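Asks: A single structure is presented below for examination.
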Number of protein chains: 2
Amino acid sequence: MKINKTGVIELAHGSGGRATASLINDIFYAHFGNAFLDQQADQATLPPLAGRPVFTTDSHVVSPLVFPGGDIGRLAVYGTVNDIAVCGATPQYLSAGFIIEEGFSIQTLDQIVSSMAAAAKECNVSVVTGDTKVVGRGQADGLYINTSAIGDLPTHLSLGPNHIKPGQKIIINGSLGDHAVAILSERESIDLNGGFQSDAAPLVDLIQMMLNAAPGISAMRDLTRGGLSACLNELAQSAGCGFKIKEQAIPINANVKAVCELLGLEALALANEGKLVAFCPPEQAEALVSKMRSHPLGTNAAVIGEVVNDPHHFVSMETLYGGARRIAWQWSDPLPRIC
Amino acid sequence: MKINKTGVIELAHGSGGRATASLINDIFYAHFGNAFLDQQADQATLPPLAGRPVFTTDSHVVSPLVFPGGDIGRLAVYGTVNDIAVCGATPQYLSAGFIIEEGFSIQTLDQIVSSMAAAAKECNVSVVTGDTKVVGRGQADGLYINTSAIGDLPTHLSLGPNHIKPGQKIIINGSLGDHAVAILSERESIDLNGGFQSDAAPLVDLIQMMLNAAPGISAMRDLTRGGLSACLNELAQSAGCGFKIKEQAIPINANVKAVCELLGLEALALANEGKLVAFCPPEQAEALVSKMRSHPLGTNAAVIGEVVNDPHHFVSMETLYGGARRIAWQWSDPLPRIC
């Protein structure tokens with residue numbers, strides 16, 4: 001029996017019976033179809049990896065589900081793939097776990113799954129295993145998606161906060177806060193005329209180019225919830241160093257800057273979905289940034305600061321006017337459910 | 001800053017700021033702590049696998065969160081580990097993705113995570129990577145947990161529905177429907193005086209014993225949503241065979257049988273969380289069942305039927321009274337949110 005694409009999701013679609021099978025077949029398999037799903041098992045058996053397995057997971061609860069520059073499906077692929085790529089591994093396999101609210105439009109689900117499949121293709125990863133649960137009305141907000149991923153890490157590579165050392169340069173691939181402001185403007189229907197677009201993007205290709213250009217890269221991390229300030233504070237703690245960054249060097253788009261001034265937001269604490277920081281030896285920084293600028297996702301790449309000795313592991317910023325202030329690690333993000 | 005364990009989850013705990021870090025540190029790390037989490041990265045880098053990677057995912061939305069014989073944490077570990085084990089692989093690594101409703105009790109979360117950690121230890125798997133999202137009140141029903149897992153499959157093993165052939169025996173490790181009835185009695189507060197207990201259990205050890213006792217096992221699958229009837233119908237379709245089972249041979253506990261008669265439920269369609277079916281050559285079936293009965297999770301193991309040639313891929317049952325009826329693949333499960 002074919003699923004009715006003009007209908008809505010019912011509890012039956014999560015029950016494990018024929019309704020579930022038709023949903024899997026007509027929506028998930030139709031978009032994700034590959035040899036691993038052809039195994040028709042509750043698990044995917046994969047070919048041996050060349051290097052070390054890398055494993056990550058993310059649940060996505062973004063609201064709204066569709067926003068300027070992306071949707072929850074695209075985000076669920078990029079976010080998880082980026083978490084694999086930043087350690088130098090090649091993302092290869094994705095799982096997809098759907099929690100759907102009873103009454104959700106099957107047509108919207110179909111569009112989101114189609115978008116996920118396109119994003120997976122773009123990242124050269126296969127969705128090899130999945131799960132679908134349906135909860136009653138009022139027990140979810142439409143749709144939540146968990147994606148987990150396996151990557152393959154070449155045995156010679158070892159990146160991580162423990163390799164961050166004083167003297168290394170801190171590099172970013174572009175402007176801050178675009179994702180958070182795009183979500184905010186859409187969710188709150190604030191007509192700011194800003195033409196905001198999420199920066200949601202897969203960083204795999206850029207990262208491979210970076211590792212070739214600067215083999216001394218010690219660590220990378222993508223900037224998501226909590227933005228640059230949470231990311232740098234976390235890394236400073238893990239690395240046992242301090243970081244000094246320069247406000248002047250940090251790229252922020254004029255429309256995002258305007259919204260931040262208007263609403264009293266701090267761009268450094270706003271979420272991104274296509275940005276990363278990298279740490280590298282000073283002598284490789286210039287070549288790295290120049291190479292990054294040749295990539296569409298690195299046109300605004302910049303050295304934004306450096307690693308210093310600091311027993312307090314503070315992140316401090318030289319302001320536009322020459323003063324210095326500490327970039328505090330905020331207790332919370334001003335915008336919930338941005339990813 | 002320490003998390004307040006008598007408090008409740010706030011949106012801040014999912015924001016990626018210090019509130020999230022304190023939740024991770026005081027709850028998740030406190031229970032799951034291991035060398036992989038010590039990497040303090042958004043992904044876990046694992047040692048090379050000896051064989052082929054096996055990958056699976058499950059989201060868990062069971063209601064209520066705690067039930068006789070288990071809780072959502074224990075279920076999230078067993079369910080996912082069992083999906084890896086049934087293909088013959090050794091489960092090794094788990095991811096844990098939490099979606100928590102604002103206002104959820106931190107103490108309850110702590111208890112559930114503690115239960116997950118105990119279950120993971122029991123299964124000899126490590127929770128190596130995780131993610132936490134918080135959604136507003138009324139956007140979830142307390143807590144949902146996604147677990148994904150990686151297993152290591154010896155290169156000589158290949159189990160799956162494509163290996164199921166006419167003449168093979170169909171074997172089960174115990175009684176049907178215990179999980180569904182335990183959930184039902186707890187959720188609906190039906191005081192049936194049945195002393196119902198979920199059968200939630202990890203099947204890893206039993207399965208290894210089975211593979212040693214009967215190297216000819218062609219396929220295994222654990223019985224969850226949709227019960228035995230959904231599982232057998234799915235496998236018959238995938239294998240391109242028919243199955244004939246005998247009602248008399250199928251173990252069902254007396255208290256479950258009574259509830260089914262009382263409420264008009266079909267025990268064959270009810271969910272289990274510690275049961276599996278296996279297919280093996282007829283000459284190995286007796287030794288296999290006898291070995292299974294020596295294991296605490298196989299004391300009621302039985303041959304319940306056999307694989308036959310059938311172009312319609314029907315599952316049929318010889319009833320207690322000698323008649324035959326088709327076991328239909330139901331459109332939905334009578335009980336939503338049982339896992």
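Residues are named by chain letter and number: chains run A, B, ... in the order of the structure tokens, numbers start at 1 in each chain, and ligands are numbered from 1 in the order shown.
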Got a sec: who's within 10 Å of Lys244 (chain A), counting only C-alpha atoms, leaving out chain neighbours fewer than 2 positions off, as a tab-separated table (two decimals) with all heavy atoms, in the first residue's frame?

Replies:
chain	number	residue	atom	x	y	z
A	169	LYS	N	48.54	30.55	15.70
A	169	LYS	CA	47.58	31.54	15.25
A	169	LYS	C	46.17	30.94	15.22
A	169	LYS	O	45.99	29.74	14.99
A	169	LYS	CB	47.92	32.03	13.84
A	169	LYS	CG	49.26	32.77	13.76
A	169	LYS	CD	49.20	34.09	14.51
A	169	LYS	CE	50.52	34.85	14.34
A	169	LYS	NZ	50.57	36.06	15.21
A	170	ILE	N	45.18	31.80	15.49
A	170	ILE	CA	43.77	31.40	15.47
A	170	ILE	C	43.14	31.96	14.19
A	170	ILE	O	43.20	33.17	13.95
A	170	ILE	CB	43.03	31.94	16.70
A	170	ILE	CG1	43.76	31.51	17.98
A	170	ILE	CG2	41.58	31.44	16.71
A	170	ILE	CD1	43.23	32.19	19.25
A	242	GLY	N	45.63	30.45	27.12
A	242	GLY	CA	44.74	31.58	26.92
A	242	GLY	C	44.73	31.94	25.44
A	242	GLY	O	45.62	31.53	24.69
A	246	LYS	N	41.51	39.74	18.16
A	246	LYS	CA	41.40	41.17	17.84
A	246	LYS	C	40.04	41.44	17.21
A	246	LYS	O	39.71	40.86	16.17
A	246	LYS	CB	42.48	41.58	16.85
A	246	LYS	CG	43.86	41.62	17.47
A	246	LYS	CD	44.88	42.21	16.50
A	246	LYS	CE	46.23	42.26	17.21
A	246	LYS	NZ	47.21	43.09	16.54
A	247	GLU	N	39.28	42.33	17.82
A	247	GLU	CA	37.94	42.65	17.33
A	247	GLU	C	37.97	43.06	15.86
A	247	GLU	O	37.14	42.65	15.05
A	247	GLU	CB	37.33	43.77	18.18
A	247	GLU	CG	35.86	44.04	17.83
A	247	GLU	CD	35.18	44.97	18.82
A	247	GLU	OE1	35.87	45.56	19.67
A	247	GLU	OE2	33.94	45.10	18.74
A	304	ILE	N	42.51	35.76	13.40
A	304	ILE	CA	41.81	36.63	14.36
A	304	ILE	C	42.53	36.73	15.70
A	304	ILE	O	42.10	37.47	16.57
A	304	ILE	CB	40.35	36.17	14.60
A	304	ILE	CG1	40.32	34.74	15.16
A	304	ILE	CG2	39.51	36.29	13.33
A	304	ILE	CD1	38.97	34.37	15.78
A	305	GLY	N	43.62	36.00	15.86
A	305	GLY	CA	44.31	36.11	17.14
A	305	GLY	C	45.35	35.03	17.32
A	305	GLY	O	45.73	34.35	16.35
A	306	GLU	N	45.81	34.87	18.58
A	306	GLU	CA	46.83	33.85	18.82
A	306	GLU	C	46.70	33.23	20.21
A	306	GLU	O	46.02	33.76	21.09
A	306	GLU	CB	48.22	34.45	18.62
A	306	GLU	CG	48.56	35.55	19.59
A	306	GLU	CD	49.95	36.13	19.36
A	306	GLU	OE1	50.64	35.69	18.42
A	306	GLU	OE2	50.36	37.02	20.14
A	307	VAL	N	47.38	32.12	20.35
A	307	VAL	CA	47.36	31.37	21.61
A	307	VAL	C	48.48	31.93	22.50
A	307	VAL	O	49.58	32.20	22.02
A	307	VAL	CB	47.60	29.88	21.34
A	307	VAL	CG1	47.51	29.07	22.64
A	307	VAL	CG2	46.61	29.36	20.30
A	308	VAL	N	48.16	32.14	23.78
A	308	VAL	CA	49.15	32.68	24.73
A	308	VAL	C	49.20	31.81	25.99
A	308	VAL	O	48.29	31.02	26.25
A	308	VAL	CB	48.80	34.14	25.14
A	308	VAL	CG1	48.89	35.07	23.93
A	308	VAL	CG2	47.41	34.22	25.77
A	309	ASN	N	50.27	31.97	26.73
A	309	ASN	CA	50.33	31.35	28.04
A	309	ASN	C	49.39	32.09	28.98
A	309	ASN	O	49.47	33.32	29.07
A	309	ASN	CB	51.76	31.45	28.59
A	309	ASN	CG	52.63	30.31	28.11
A	309	ASN	OD1	52.26	29.14	28.25
A	309	ASN	ND2	53.77	30.63	27.52
A	314	PHE	N	41.97	32.39	29.97
A	314	PHE	CA	41.01	33.41	29.56
A	314	PHE	C	41.04	33.60	28.04
A	314	PHE	O	42.06	33.40	27.39
A	314	PHE	CB	41.35	34.76	30.21
A	314	PHE	CG	40.89	34.87	31.65
A	314	PHE	CD1	41.28	35.97	32.42
A	314	PHE	CD2	40.06	33.91	32.23
A	314	PHE	CE1	40.87	36.09	33.74
A	314	PHE	CE2	39.65	34.02	33.55
A	314	PHE	CZ	40.06	35.11	34.31
A	315	VAL	N	39.90	34.00	27.50
A	315	VAL	CA	39.83	34.47	26.12
A	315	VAL	C	39.66	35.98	26.21
A	315	VAL	O	38.68	36.46	26.79
A	315	VAL	CB	38.64	33.85	25.38
A	315	VAL	CG1	38.57	34.38	23.94
A	315	VAL	CG2	38.74	32.33	25.39
A	316	SER	N	40.63	36.73	25.69
A	316	SER	CA	40.49	38.18	25.78
A	316	SER	C	40.56	38.80	24.39
A	316	SER	O	41.12	38.23	23.46
A	316	SER	CB	41.53	38.78	26.71
A	316	SER	OG	42.80	38.60	26.16
A	317	MET	N	39.95	39.96	24.27
A	317	MET	CA	39.84	40.60	22.95
A	317	MET	C	40.33	42.03	23.02
A	317	MET	O	39.94	42.80	23.90
A	317	MET	CB	38.38	40.57	22.48
A	317	MET	CG	38.19	41.17	21.09
A	317	MET	SD	36.57	40.78	20.37
A	317	MET	CE	35.54	41.96	21.22
A	318	GLU	N	41.19	42.37	22.08
A	318	GLU	CA	41.61	43.76	21.91
A	318	GLU	C	40.49	44.44	21.12
A	318	GLU	O	40.16	44.01	20.02
A	318	GLU	CB	42.93	43.82	21.15
A	318	GLU	CG	43.52	45.22	21.03
A	318	GLU	CD	44.75	45.22	20.13
A	318	GLU	OE1	45.66	44.39	20.36
A	318	GLU	OE2	44.78	46.03	19.18
A	324	ALA	N	41.18	46.26	26.10
A	324	ALA	CA	41.08	44.80	26.13
A	324	ALA	C	39.91	44.41	27.01
A	324	ALA	O	39.67	45.04	28.04
A	324	ALA	CB	42.36	44.18	26.67
A	325	ARG	N	39.13	43.40	26.58
A	325	ARG	CA	38.09	42.89	27.47
A	325	ARG	C	38.05	41.38	27.39
A	325	ARG	O	38.43	40.77	26.38
A	325	ARG	CB	36.72	43.51	27.16
A	325	ARG	CG	36.07	43.05	25.87
A	325	ARG	CD	34.64	43.64	25.81
A	325	ARG	NE	33.97	43.37	24.57
A	325	ARG	CZ	33.11	42.35	24.37
A	325	ARG	NH1	32.86	41.49	25.34
A	325	ARG	NH2	32.53	42.16	23.20
A	326	ARG	N	37.61	40.80	28.50
A	326	ARG	CA	37.52	39.35	28.54
A	326	ARG	C	36.25	38.90	27.81
A	326	ARG	O	35.18	39.50	27.99
A	326	ARG	CB	37.47	38.88	30.00
A	326	ARG	CG	37.55	37.40	30.10
A	326	ARG	CD	37.55	36.89	31.52
A	326	ARG	NE	37.22	35.47	31.48
A	326	ARG	CZ	36.71	34.78	32.47
A	326	ARG	NH1	36.47	35.37	33.63
A	326	ARG	NH2	36.44	33.50	32.34
A	327	ILE	N	36.38	37.88	26.97
A	327	ILE	CA	35.21	37.30	26.32
A	327	ILE	C	34.70	36.20	27.23
A	327	ILE	O	35.28	35.12	27.32
A	327	ILE	CB	35.57	36.70	24.94
A	327	ILE	CG1	36.18	37.75	24.03
A	327	ILE	CG2	34.34	36.06	24.28
A	327	ILE	CD1	35.25	38.90	23.70

Asks: Check which residues of chain B sit at most 7 Å from chain A using only C-alpha atoms, and return one row each with the closest pair of atoms and their distance in Å to one decimal, ordered by chain and rising number, as CSV.

Replies:
residue,atom,partner,partner_atom,distance
B:Leu11,CA,A:Pro336,CA,6.6
B:Ala12,CA,A:Ser332,CA,4.7
B:Ser15,CA,A:Asp333,CA,5.0
B:Gly16,CA,A:Arg225,CA,5.0
B:Gly17,CA,A:Ser332,CA,4.7
B:Arg18,CA,A:Trp331,CA,4.4
B:Ala19,CA,A:Trp331,CA,5.1
B:Asp42,CA,A:Asp83,CA,6.0
B:Gln43,CA,A:Thr56,CA,4.6
B:Ala44,CA,A:Phe55,CA,5.2
B:Thr45,CA,A:Val54,CA,4.5
B:Leu46,CA,A:Pro53,CA,5.4
B:Pro47,CA,A:Arg52,CA,5.7
B:Pro48,CA,A:Arg52,CA,4.6
B:Gly51,CA,A:Pro48,CA,6.4
B:Arg52,CA,A:Pro48,CA,4.6
B:Pro53,CA,A:Leu46,CA,5.4
B:Val54,CA,A:Thr45,CA,4.5
B:Phe55,CA,A:Ala44,CA,5.2
B:Thr56,CA,A:Gln43,CA,4.6
B:Thr57,CA,A:Gly130,CA,5.9
B:Asp58,CA,A:Asp131,CA,5.5
B:Ser59,CA,A:Gly97,CA,6.0
B:Asp83,CA,A:Asp42,CA,6.0
B:Ile84,CA,A:Gln43,CA,6.4
B:Ser95,CA,A:Thr57,CA,6.3
B:Gly97,CA,A:Ser59,CA,6.0
B:Thr129,CA,A:Thr56,CA,5.8
B:Gly130,CA,A:Thr57,CA,5.9
B:Asp131,CA,A:Asp58,CA,5.5
B:Lys133,CA,A:Ser59,CA,6.8
B:Val135,CA,A:Arg337,CA,6.9
B:Gly138,CA,A:Gly138,CA,6.0
B:Gln139,CA,A:Ala140,CA,4.5
B:Ala140,CA,A:Gln139,CA,4.5
B:Asp141,CA,A:Gln139,CA,5.0
B:Ser148,CA,A:Ser148,CA,6.8
B:Arg225,CA,A:Gly16,CA,5.0
B:Gly226,CA,A:Gly16,CA,5.0
B:Ala230,CA,A:Gly17,CA,5.9
B:Trp329,CA,A:Arg18,CA,6.5
B:Gln330,CA,A:Gly17,CA,5.4
B:Trp331,CA,A:Arg18,CA,4.4
B:Ser332,CA,A:Ala12,CA,4.7
B:Asp333,CA,A:Ser15,CA,5.0
B:Pro336,CA,A:Ser15,CA,6.2
B:Arg337,CA,A:Val135,CA,6.9

Asks: According to DSSP computed on the backbone, where in region 174-304 of chain B is there strand (DSSP E)? Give the residues as a short mmCIF file (atom, residue, chain, number, x, y, z; two decimals) with N, CA and C atoms, in the first residue's frame.

Replies:
data_model
loop_
_atom_site.label_atom_id
_atom_site.label_comp_id
_atom_site.auth_asym_id
_atom_site.auth_seq_id
_atom_site.Cartn_x
_atom_site.Cartn_y
_atom_site.Cartn_z
N ALA B 219 20.32 -16.19 9.87
CA ALA B 219 19.84 -14.84 10.14
C ALA B 219 19.24 -14.79 11.54
N MET B 220 19.32 -13.61 12.14
CA MET B 220 18.66 -13.39 13.44
C MET B 220 18.05 -12.00 13.41
N ARG B 221 16.98 -11.82 14.16
CA ARG B 221 16.43 -10.47 14.33
C ARG B 221 15.77 -10.38 15.69
N ASP B 222 15.95 -9.24 16.36
CA ASP B 222 15.27 -9.07 17.65
C ASP B 222 13.85 -8.59 17.40
N GLY B 242 8.22 -18.45 2.42
CA GLY B 242 7.11 -18.44 3.36
C GLY B 242 7.57 -19.06 4.67
N PHE B 243 6.86 -18.77 5.75
CA PHE B 243 7.18 -19.37 7.05
C PHE B 243 5.93 -20.09 7.56
N LYS B 244 6.11 -21.29 8.12
CA LYS B 244 5.02 -22.00 8.79
C LYS B 244 5.40 -22.14 10.25
N ILE B 245 4.56 -21.59 11.15
CA ILE B 245 4.84 -21.72 12.57
C ILE B 245 3.70 -22.47 13.25
N LYS B 246 3.99 -22.98 14.47
CA LYS B 246 3.00 -23.76 15.21
C LYS B 246 2.61 -23.03 16.49
N LEU B 276 14.43 -12.72 20.37
CA LEU B 276 14.90 -12.76 18.99
C LEU B 276 14.39 -14.02 18.32
N VAL B 277 14.37 -13.98 16.99
CA VAL B 277 14.18 -15.20 16.21
C VAL B 277 15.49 -15.48 15.48
N ALA B 278 15.76 -16.77 15.32
CA ALA B 278 16.96 -17.19 14.58
C ALA B 278 16.54 -18.26 13.60
N PHE B 279 17.26 -18.34 12.49
CA PHE B 279 17.01 -19.33 11.45
C PHE B 279 18.25 -20.20 11.34
N CYS B 280 18.06 -21.54 11.36
CA CYS B 280 19.23 -22.41 11.27
C CYS B 280 18.90 -23.71 10.55
N ALA B 302 12.65 -22.31 21.92
CA ALA B 302 11.87 -23.35 21.24
C ALA B 302 11.98 -23.20 19.72
N VAL B 303 11.88 -24.35 19.06
CA VAL B 303 11.68 -24.33 17.60
C VAL B 303 10.20 -24.03 17.39
N ILE B 304 9.91 -22.94 16.67
CA ILE B 304 8.49 -22.58 16.51
C ILE B 304 7.99 -22.83 15.09
#

Asks: With only C-alpha atoms as the counted atoms, please give the residues lying no more than 8 Å from Val81 (chain A), apart from itself and same-chain residues fewer than 5 positions off, as a PDB file with N, CA and C atoms, in the first residue's frame.

Replies:
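Output file out_33.pdb follows:
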ATOM      1  N   PRO A  91      34.051  12.130   6.350  1.00  0.00           N
ATOM      2  CA  PRO A  91      32.731  11.609   6.713  1.00  0.00           C
ATOM      3  C   PRO A  91      32.272  10.602   5.661  1.00  0.00           C
ATOM      4  N   CYS A 123      27.811  16.049   0.278  1.00  0.00           N
ATOM      5  CA  CYS A 123      28.909  15.747   1.203  1.00  0.00           C
ATOM      6  C   CYS A 123      29.533  14.386   0.924  1.00  0.00           C
ATOM      7  N   ALA A 149      27.151   9.953  12.749  1.00  0.00           N
ATOM      8  CA  ALA A 149      27.999   9.733  11.574  1.00  0.00           C
ATOM      9  C   ALA A 149      29.258   8.971  11.938  1.00  0.00           C
ATOM     10  N   PRO A 202      28.517  22.590   4.238  1.00  0.00           N
ATOM     11  CA  PRO A 202      29.406  21.486   4.589  1.00  0.00           C
ATOM     12  C   PRO A 202      30.867  21.932   4.430  1.00  0.00           C
ATOM     13  N   VAL A 204      33.631  20.008   4.590  1.00  0.00           N
ATOM     14  CA  VAL A 204      34.542  18.901   4.274  1.00  0.00           C
ATOM     15  C   VAL A 204      35.610  19.306   3.271  1.00  0.00           C
TER      16      VAL A 204
END

Asks: What separation in Å, quoted to one decimal, exists between CA of Ala76 (chain A) and CA of Leu232 (chain A)?

Replies: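 These two atoms are separated by 23.2 Å.
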
Asks: CA of Glu122 (chain B) to CA of Leu223 (chain B): how many Å, to one decimal?

Replies: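 These two atoms are separated by 20.5 Å.
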
Asks: Between CA of His179 (chain B) and CA of Ser218 (chain B), what is the distance in Å, rounded to a tenth?

Replies: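 Between these atoms lies a distance of 26.4 Å.
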